[in-house]
$ cat target.cif   # mmCIF, C-alpha atoms
data_target
#
loop_
_atom_site.label_atom_id
_atom_site.label_comp_id
_atom_site.auth_asym_id
_atom_site.auth_seq_id
_atom_site.Cartn_x
_atom_site.Cartn_y
_atom_site.Cartn_z
CA MET A 1 73.22 37.37 51.35
CA SER A 2 73.20 36.18 54.96
CA ALA A 3 75.47 33.43 56.27
CA LYS A 4 72.40 31.25 56.87
CA VAL A 5 71.41 31.45 53.22
CA SER A 6 74.95 30.90 51.92
CA ILE A 7 75.46 27.89 54.22
CA ALA A 8 72.16 26.37 53.12
CA ALA A 9 73.21 26.83 49.49
CA MET A 10 76.54 25.14 50.18
CA ALA A 11 74.79 22.19 51.84
CA MET A 12 72.51 21.80 48.81
CA GLY A 13 75.52 21.93 46.52
CA LEU A 14 77.27 19.18 48.48
CA TRP A 15 74.19 16.99 48.11
CA LEU A 16 74.04 17.67 44.37
CA MET A 17 77.71 16.72 43.96
CA VAL A 18 76.91 13.22 45.25
CA LEU A 19 74.31 12.91 42.49
CA LEU A 20 76.29 14.51 39.67
CA ILE A 21 79.68 12.78 39.99
CA SER A 22 79.61 9.20 38.79
CA PRO A 23 81.58 6.51 40.70
CA SER A 24 83.90 6.01 37.74
CA ALA A 25 84.72 9.73 37.57
CA MET A 26 86.16 9.74 41.10
CA ALA A 27 87.61 6.20 41.04
CA VAL A 28 91.35 7.00 40.95
CA GLU A 29 92.74 9.35 43.60
CA LEU A 30 96.02 10.36 45.21
CA ASP A 31 95.40 11.59 48.74
CA PHE A 32 97.95 13.69 50.70
CA ASN A 33 97.25 13.70 54.45
CA LEU A 34 98.09 16.28 57.12
CA SER A 35 97.78 14.99 60.69
CA ALA A 36 97.84 17.01 63.90
CA PRO A 37 100.02 18.55 65.13
CA THR A 38 100.70 20.34 61.84
CA SER A 39 103.28 23.09 61.50
CA GLY A 40 102.88 25.99 59.07
CA THR A 41 100.90 29.19 58.57
CA VAL A 42 97.60 30.20 56.96
CA SER A 43 97.05 33.93 56.47
CA TYR A 44 95.11 36.66 54.69
CA ALA A 45 96.54 40.21 54.77
CA GLY A 46 93.24 42.02 54.21
CA GLY A 47 91.85 44.12 51.37
CA GLY A 48 92.32 42.59 47.92
CA SER A 49 94.99 40.15 49.09
CA ASP A 50 95.07 36.40 48.49
CA LEU A 51 94.86 33.47 50.88
CA ILE A 52 98.35 32.15 51.67
CA GLY A 53 99.53 28.85 53.13
CA SER A 54 103.21 28.57 54.03
CA ASN A 55 105.32 25.52 54.90
CA ILE A 56 102.38 23.39 56.08
CA GLU A 57 103.63 19.92 57.03
CA VAL A 58 102.39 16.97 54.93
CA ASP A 59 102.69 13.49 56.45
CA ASN A 60 101.93 10.89 53.79
CA VAL A 61 100.33 10.09 50.45
CA VAL A 62 98.11 7.14 49.53
CA GLY A 63 96.69 5.87 46.25
CA LEU A 64 92.99 5.05 46.21
CA SER A 65 91.76 2.66 43.48
CA THR A 66 95.02 3.23 41.59
CA PRO A 67 96.18 0.70 38.96
CA ALA A 68 99.22 -0.18 41.12
CA ASN A 69 99.93 -0.07 44.87
CA ALA A 70 96.33 0.81 45.71
CA ASN A 71 95.79 1.62 49.40
CA VAL A 72 99.55 1.67 50.01
CA THR A 73 100.49 4.63 52.23
CA SER A 74 103.86 6.20 51.42
CA LEU A 75 105.56 8.34 54.07
CA CYS A 76 106.58 11.85 53.13
CA ILE A 77 110.12 13.07 53.84
CA SER A 78 110.22 16.75 54.87
CA CYS A 79 107.14 17.47 52.76
CA VAL A 80 105.46 20.89 52.90
CA LEU A 81 102.36 22.41 51.32
CA ASN A 82 102.57 25.99 50.02
CA PHE A 83 99.81 27.90 48.27
CA ASN A 84 98.45 31.31 47.38
CA SER A 85 94.96 31.66 45.95
CA GLY A 86 93.53 34.32 43.70
CA THR A 87 92.56 37.63 45.30
CA LEU A 88 89.57 38.19 47.58
CA THR A 89 86.26 38.32 45.71
CA GLY A 90 83.86 38.72 48.64
CA ALA A 91 83.34 38.43 52.39
CA GLY A 92 80.45 38.61 54.83
CA GLY A 93 77.81 36.52 56.49
CA SER A 94 78.44 37.23 60.16
CA ASN A 95 75.68 36.08 62.54
CA PRO A 96 75.49 34.80 66.14
CA SER A 97 76.69 31.36 64.98
CA ASN A 98 79.90 32.44 63.21
CA ASN A 99 82.17 35.33 62.29
CA GLY A 100 81.66 35.21 58.55
CA TRP A 101 83.32 33.92 55.40
CA TRP A 102 85.97 34.92 52.87
CA ALA A 103 85.85 33.96 49.15
CA PHE A 104 88.86 34.02 46.82
CA GLY A 105 88.99 33.84 43.03
CA PRO A 106 91.06 31.83 40.55
CA GLY A 107 94.80 32.19 40.08
CA GLY A 108 97.77 31.69 42.32
CA THR A 109 99.62 28.43 42.82
CA ILE A 110 99.72 25.33 45.00
CA THR A 111 102.72 23.04 45.50
CA ILE A 112 103.71 20.10 47.67
CA SER A 113 107.46 19.55 47.80
CA GLY A 114 109.63 17.00 49.59
CA GLY A 115 110.56 13.34 49.29
CA VAL A 116 108.56 10.10 49.46
CA GLN A 117 109.52 6.66 50.78
CA LEU A 118 108.19 4.21 48.19
CA GLN A 119 107.85 0.60 49.36
CA GLY A 120 109.65 -1.74 46.97
CA ALA A 121 110.79 1.11 44.69
CA THR A 122 113.38 3.88 44.57
CA ASP A 123 112.51 6.73 46.93
CA ILE A 124 111.77 10.21 45.63
CA LEU A 125 114.48 12.49 47.01
CA PRO A 126 113.68 15.36 49.42
CA GLY A 127 113.31 18.72 47.71
CA SER A 128 111.37 17.27 44.76
CA THR A 129 108.17 18.90 43.53
CA LEU A 130 105.49 16.28 44.16
CA LEU A 131 102.47 18.39 43.15
CA SER A 132 102.22 21.65 41.23
CA GLY A 133 98.99 23.39 40.29
CA THR A 134 96.81 26.49 39.93
CA PHE A 135 93.81 27.45 42.06
CA ASN A 136 90.29 27.61 40.64
CA SER A 137 88.79 29.03 43.84
CA ALA A 138 89.15 29.07 47.64
CA PHE A 139 86.83 29.71 50.57
CA VAL A 140 87.25 30.22 54.34
CA GLN A 141 84.34 29.67 56.73
CA ASP A 142 84.47 30.71 60.37
CA LEU A 143 82.88 28.07 62.64
CA GLY A 144 81.91 30.49 65.40
CA VAL A 145 83.71 28.76 68.29
CA GLN A 146 87.18 29.66 69.63
CA GLY A 147 88.30 31.02 66.28
CA PHE A 148 87.99 27.69 64.44
CA LYS A 149 87.95 28.09 60.64
CA VAL A 150 87.79 25.72 57.68
CA THR A 151 89.50 26.38 54.35
CA PHE A 152 88.17 24.74 51.19
CA GLY A 153 89.81 25.09 47.78
CA SER A 154 89.86 23.58 44.29
CA PHE A 155 92.71 23.49 41.80
CA SER A 156 94.17 21.81 38.71
CA ASP A 157 97.56 20.11 39.03
CA THR A 158 100.19 17.67 37.83
CA LYS A 159 102.38 15.25 39.85
CA HIS A 160 105.96 14.05 40.04
CA PRO A 161 106.42 11.36 37.31
CA ASP A 162 107.95 8.81 39.71
CA LEU A 163 105.01 9.19 42.10
CA LEU A 164 102.55 8.62 39.26
CA SER A 165 104.50 5.62 37.97
CA TYR A 166 104.56 4.02 41.44
CA TYR A 167 100.77 4.14 41.58
CA GLY A 168 100.44 2.87 38.00
CA LEU A 169 99.53 6.21 36.39
CA THR A 170 100.99 7.71 33.24
CA PRO A 171 103.47 10.55 33.85
CA GLY A 172 101.91 13.86 32.86
CA THR A 173 98.38 12.75 33.81
CA PRO A 174 96.34 15.89 34.68
CA PHE A 175 94.44 16.02 37.95
CA GLN A 176 91.72 18.05 39.60
CA GLY A 177 92.32 18.63 43.29
CA ALA A 178 90.50 19.68 46.44
CA LEU A 179 92.05 21.15 49.58
CA ALA A 180 90.59 21.19 53.12
CA LEU A 181 92.30 22.55 56.26
CA LEU A 182 91.08 23.06 59.83
CA PHE A 183 92.82 25.88 61.69
CA ALA A 184 92.20 28.54 64.35
CA SER A 185 92.92 32.27 64.43
CA THR A 186 91.88 35.28 66.47
CA ASP A 187 88.57 36.70 65.26
CA THR A 188 89.17 40.17 63.82
CA GLY A 189 85.81 40.75 62.11
CA VAL A 190 84.15 39.91 58.82
CA GLY A 191 86.49 40.37 55.85
CA ASN A 192 89.43 41.44 58.00
CA SER A 193 92.93 40.00 57.96
CA PHE A 194 93.93 36.91 59.97
CA THR A 195 97.03 34.81 60.62
CA SER A 196 97.13 31.31 62.06
CA THR A 197 99.94 28.99 63.11
CA SER A 198 97.39 26.67 64.77
CA ILE A 199 96.72 24.21 61.95
CA PHE A 200 95.14 21.02 63.22
CA SER A 201 94.78 18.71 60.24
CA GLY A 202 93.86 18.60 56.59
CA ASN A 203 93.65 16.79 53.32
CA VAL A 204 94.71 17.36 49.70
CA VAL A 205 92.78 15.00 47.40
CA ASN A 206 93.57 14.68 43.68
CA ALA A 207 91.40 12.76 41.23
CA VAL A 208 91.82 11.76 37.60
CA VAL A 209 88.50 13.11 36.30
CA VAL A 210 86.80 14.72 33.35
CA PRO A 211 87.16 18.48 34.07
CA LEU A 212 84.28 19.89 36.14
CA PRO A 213 83.25 23.48 36.90
CA ALA A 214 85.32 25.14 39.64
CA ALA A 215 82.26 25.59 41.85
CA ALA A 216 81.53 21.86 41.72
CA LEU A 217 85.08 21.03 42.73
CA LEU A 218 84.80 23.45 45.65
CA PHE A 219 81.71 21.58 46.84
CA ALA A 220 83.62 18.30 46.50
CA SER A 221 86.35 19.66 48.77
CA GLY A 222 83.63 20.38 51.32
CA LEU A 223 82.70 16.69 51.35
CA SER A 224 86.33 15.82 52.05
CA GLY A 225 86.48 18.41 54.79
CA MET A 226 83.40 17.08 56.57
CA ALA A 227 84.87 13.55 56.51
CA TRP A 228 88.10 14.47 58.28
CA LEU A 229 86.29 16.84 60.68
CA ARG A 230 84.28 13.81 61.84
CA SER A 231 87.49 11.77 62.21
CA LYS A 232 89.10 14.50 64.35
CA GLY A 233 86.23 14.57 66.87
CA VAL A 234 84.93 18.04 66.03
CA TYR A 235 81.98 16.96 63.89
CA ARG A 236 79.32 18.08 66.39
CA LEU A 237 81.07 21.43 66.84
CA THR A 238 81.10 21.91 63.07
CA LEU A 239 77.44 21.02 62.63
CA ARG A 240 76.39 23.53 65.31
CA ALA A 241 78.38 26.24 63.57
CA LEU A 242 77.51 25.43 59.98
CA TRP A 243 73.86 24.41 60.37
CA PRO A 244 71.84 26.98 62.34
CA ARG A 245 68.65 25.80 63.97
CA GLU A 246 66.56 28.08 61.77
CA LEU A 247 67.40 28.95 58.15
#
$ encode --input "target.cif" --output "structure tokens"
Amino acid sequence: MSAKVSIAAMAMGLWLMVLLISPSAMAVELDFNLSAPTSGTVSYAGGGSDLIGSNIEVDNVVGLSTPANANVTSLCISCVLNFNSGTLTGAGGSNPSNNGWWAFGPGGTITISGGVQLQGATDILPGSTLLSGTFNSAFVQDLGVQGFKVTFGSFSDTKHPDLLSYYGLTPGTPFQGALALLFASTDTGVGNSFTSTSIFSGNVVNAVVVPLPAAALLFASGLSGMAWLRSKGVYRLTLRALWPREL
């Protein structure tokens, strides 16, 4: 399948997610933000390897429509994101607009560790596990300009009990999450290995929802990714890369 076809299918899926997810299903979220400049590494070693993120700096967390402390942003203390997806399941799609895509299957882990400054409450100490989960899927899309790439991923996770309590949620509450990262790496060809220490920004969104298919969650992460790409001033660049003039 060509990149043009796969991108068109992704765009259709994003549109369908808006229709399929009810407002109540996505009402309560915890959103971890990564703002540029962001330290850390994103890499893929080639072959049947997994996608790996190492020591990626996380800046803050905010509760959206939470029962308590809604819209209150809490600063992270030495927080880092680490993940490894399932192994590669497919790659391809190179055309004049981009250098292809990489798809990864379920498995692997995702964690955010560190401390959190909680306004009006006892802080969570550095070194604590704030988020721990397992990947459902992951996807990397090359944007075709200066090595820019976007990583999308979906996962299931749980949170630190004190973080949940601060935002009015019951400890042990299960979450579904979506990951989006913008980074750059040298283009080595479709399906080949890459390593990047140029991570610009990103977002890890977690919602209390009725479980949805992994593919649907991956599309939801794409919506999140497009939102912060617009906020970082690269929206037009992304549209030119992801939406060819002729499908």
$ closest_residue --input "target.cif" --among "A:Asn84, A:Leu143, A:Pro37, A:Gly63" --to "Ile110 of chain A" --atoms "all atoms listed in the file"
A:Asn84
$ atom_distance --input "target.cif" --atom1 "atom CA of Val62 of chain A" --atom2 "atom CA of Thr109 of chain A"
22.4 Å
$ residues_around --input "target.cif" --residues "Thr111 of chain A" --least-positions-apart "2" --cutoff "7 Å" --atoms "only C-alpha atoms" --output "JSON list (two decimals) with C-alpha atoms, keeping the file's coordinate frame"
[["chain", "number", "residue", "atom", "x", "y", "z"],
["A", 81, "LEU", "CA", 102.36, 22.41, 51.32],
["A", 82, "ASN", "CA", 102.57, 25.99, 50.02],
["A", 83, "PHE", "CA", 99.81, 27.90, 48.27],
["A", 109, "THR", "CA", 99.62, 28.43, 42.82],
["A", 113, "SER", "CA", 107.46, 19.55, 47.80],
["A", 131, "LEU", "CA", 102.47, 18.39, 43.15],
["A", 132, "SER", "CA", 102.22, 21.65, 41.23],
["A", 133, "GLY", "CA", 98.99, 23.39, 40.29]]
$ closest_residue --input "target.cif" --among "A:Asn203, A:Thr129, A:Ser193, A:Asn60" --to "Gly153 of chain A" --atoms "only C-alpha atoms"
A:Asn203
$ residues_around --input "target.cif" --residues "segment 44-57 of chain A" --least-positions-apart "6" --cutoff "7 Å" --atoms "all atoms listed in the file" --output "MDAnalysis selection string"
chainID A and resid 34 38 79:88 104 192:195
$ residues_around --input "target.cif" --residues "Thr170 of chain A" --least-positions-apart "6" --cutoff "12 Å" --atoms "all atoms listed in the file" --output "ChimeraX atom specification"
/A:66-68,158-164,208
$ resolve_selection --input "target.cif" --expression "the PyMOL selection byres ((chain A and resi 155) around 7)" --output "PyMOL selection string"
chain A and resi 133-136+153-154+156-157+176-178
$ atom_distance --input "target.cif" --atom1 "atom CA of Val116 of chain A" --atom2 "atom CA of Phe200 of chain A"
22.1 Å
$ residues_around --input "target.cif" --residues "Pro126 of chain A" --least-positions-apart "5" --cutoff "7 Å" --atoms "all atoms listed in the file" --output "PyMOL selection string"
chain A and resi 77-78+114-115
$ closest_residue --input "target.cif" --among "A:Ser165, A:Thr186, A:Ser35, A:Ser198" --to "Gly144 of chain A" --atoms "all atoms listed in the file"
A:Thr186
$ atom_distance --input "target.cif" --atom1 "atom CA of Thr122 of chain A" --atom2 "atom CA of Val28 of chain A"
22.5 Å
$ closest_residue --input "target.cif" --among "A:Ala103, A:Val72, A:Val204, A:Val58" --to "Tyr167 of chain A" --atoms "only C-alpha atoms"
A:Val72
$ residues_around --input "target.cif" --residues "Tyr166 of chain A" --least-positions-apart "6" --cutoff "8 Å" --atoms "all atoms listed in the file" --output "MDAnalysis selection string"
chainID A and resid 68:69 118 121
$ closest_residue --input "target.cif" --among "A:Val190, A:Leu64, A:Ala184, A:Leu130" --to "Gly93 of chain A" --atoms "all atoms listed in the file"
A:Val190
$ closest_residue --input "target.cif" --among "A:Leu75, A:Ala91, A:Val61, A:Ala138" --to "Pro106 of chain A" --atoms "all atoms listed in the file"
A:Ala138
